[in-house]
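A short worksheet on the structure shown next.
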Amino acid sequence: MSNPSQLKSLERQVERGNLHAHTALGACSSRLSETQAMLHGLADVLLTKGIIDAEELTQAMRSVENELKDLGDSNGPGLLVRIEPDVLAKEQEPVVDCAERMPICKAVCCRLDFALSIREIEGGHARWDLGRPYFIRREKDGNCSHRCGSGCNIYAQRPQVCRRYSCEHDERIWKDFANKQLNTEWIEQNLGDQPGPRATHAHMHAPVEVSKRPSS
Ligand code: SF4
Ligand code: SF4
């Protein structure tokens, strides 16, 4: 990799990957300590008062352990994948007059966040954020890493979220869709340049759109 900007981007991803791993492990470990202290305290009280006996407690513990194992429940380090509905046919994709609106919206939808599905991760076209697996990767300015000029460099293989999204009813983007009046306040506040990792993210699907489309 000889291109310095690619190297810089890789460096940033590795840095974010480490940050993610340490944050996730730190959070898990502190939760575990709290839970452990609470459970030991509770067990002590119950044993001292003679409400339960030690054997009864061990049996109950083993039974819950086995139940969780059967359910496939695990304490993962905060990874997220999107459950993908059926792949949308081309003719079902919403139509928005993007070319006409782009001088105003500057393709702000490509700053919205989303997790990739397992199919998309394994497909290898969309890059995911090493600092926040498996969200789409984005650049320091908040734009999706696949934004390229006014287009998308994986357009033919773009994720399902992008295919399904329409800003038409997304009040976060347009105050008035018909009259092309952008919601600049919300955009600046939520999708402005992101100097560092953020605790909350604005997602590709507007809440109103999610409720209108139960399949997405
Ligand atoms: S979907 Fe909406 S926000 Fe995205 S490029 Fe098209 S017009 Fe702009
Ligand atoms: S994958 Fe393409 S369409 Fe989807 S957010 Fe990124 S640049 Fe936009």
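By convention here, the chains of the structure tokens are called A, B, ... in the order presented, each chain's residues are numbered starting at 1, and ligands are numbered starting at 1 in the order presented.
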Inset, instruction - Residues within 7 Å of ligand 2, counting only C-alpha atoms and all ligand atoms: report them as a ChimeraX atom specification. - result: /A:109-111,126,144-147,151-155,158-159,162
Inset, instruction - Identify, with DSSP run on backbone atoms, the residues in range 104-211 of chain A assigned to strand (DSSP E or B), and express the list as a PyMOL selection string. - result: chain A and resi 113+115+117+128+135-136+138+144+147-148+151-152+174-176+181-182+203
Inset, instruction - Let me have all residues with an atom within 6 Å of ligand 1, counting only C-alpha atoms and all ligand atoms, laid out as a list of chain:residue names. - result: A:Val96, A:Cys98, A:Arg101, A:Met102, A:Cys105, A:Ala107, A:Val108, A:Cys109, A:Ser166, A:Cys167
Inset, instruction - Extract, using only C-alpha atoms, all DNA, RNA and protein residues at most 8 Å from Glu15 in chain A, discarding same-chain residues fewer than 4 positions from it, and format them as number ranges by chain. - result: A: 11, 19, 131
Inset, instruction - as a PyMOL selection string, please: all residues of range 2-192 of chain A that backbone DSSP puts in alpha helix (DSSP H). - result: chain A and resi 4-48+54-71+98-105+118-123+160-164+184-191
Inset, instruction - Extract, using only C-alpha atoms, all DNA, RNA and protein residues at most 12 Å from Val161 in chain A, discarding same-chain residues fewer than 2 positions from it, and format them as a VMD selection string. - result: chain A and resid 82 to 88 93 to 94 109 to 110 112 to 117 120 126 135 to 136 157 to 159 163 to 166 203 to 206 209 to 210 215 to 216
Inset, instruction - Record the distance separating CA of Glu67 in chain A and CA of Val45 in chain A, expressed in Å with one decimal. - result: 25.4 Å
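Distances here use only C-alpha atoms; by that measure, the residue among A:Leu32, A:Ile52, A:Val81, A:Ala27 closest to Tyr134 in chain A is A:Val81.
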Inset, instruction - Determine, counting only C-alpha atoms, which protein, DNA and RNA residues have an atom within 8 Å of an atom of Leu182 in chain A; residues of the same chain fewer than 2 positions away are not included. Present the result as a list of chain:residue names. - result: A:Ile104, A:Cys105, A:Ile173, A:Trp174, A:Lys175, A:Asp176, A:Phe177, A:Lys180, A:Thr184
Limited to C-alpha atoms, could you put the picked residues into a file as a PDB file, in the first residue's frame?
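Below is the file that was written, again-v4.pdb:
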ATOM      1  CA  ILE A 104     -28.866  21.237  -2.278  1.00  0.00           C
ATOM      2  CA  CYS A 105     -28.637  18.030  -0.232  1.00  0.00           C
ATOM      3  CA  ILE A 173     -33.381  15.765   5.957  1.00  0.00           C
ATOM      4  CA  TRP A 174     -36.150  17.913   4.453  1.00  0.00           C
ATOM      5  CA  LYS A 175     -38.349  20.411   6.223  1.00  0.00           C
ATOM      6  CA  ASP A 176     -40.315  20.583   3.014  1.00  0.00           C
ATOM      7  CA  PHE A 177     -39.511  17.882   0.492  1.00  0.00           C
ATOM      8  CA  LYS A 180     -36.593  21.373  -1.514  1.00  0.00           C
ATOM      9  CA  THR A 184     -30.072  22.362   7.909  1.00  0.00           C
TER      10      THR A 184
END
Inset, instruction - Take CA of Lys8 in chain A and CA of Ala24 in chain A and report the distance between them in Å, one decimal. - result: 24.1 Å
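Minimum atom-to-atom distance to Arg12 in chain A, evaluated using only C-alpha atoms, belongs to A:Leu130 out of A:Glu171, A:Ile118, A:Asp193, A:Leu130.
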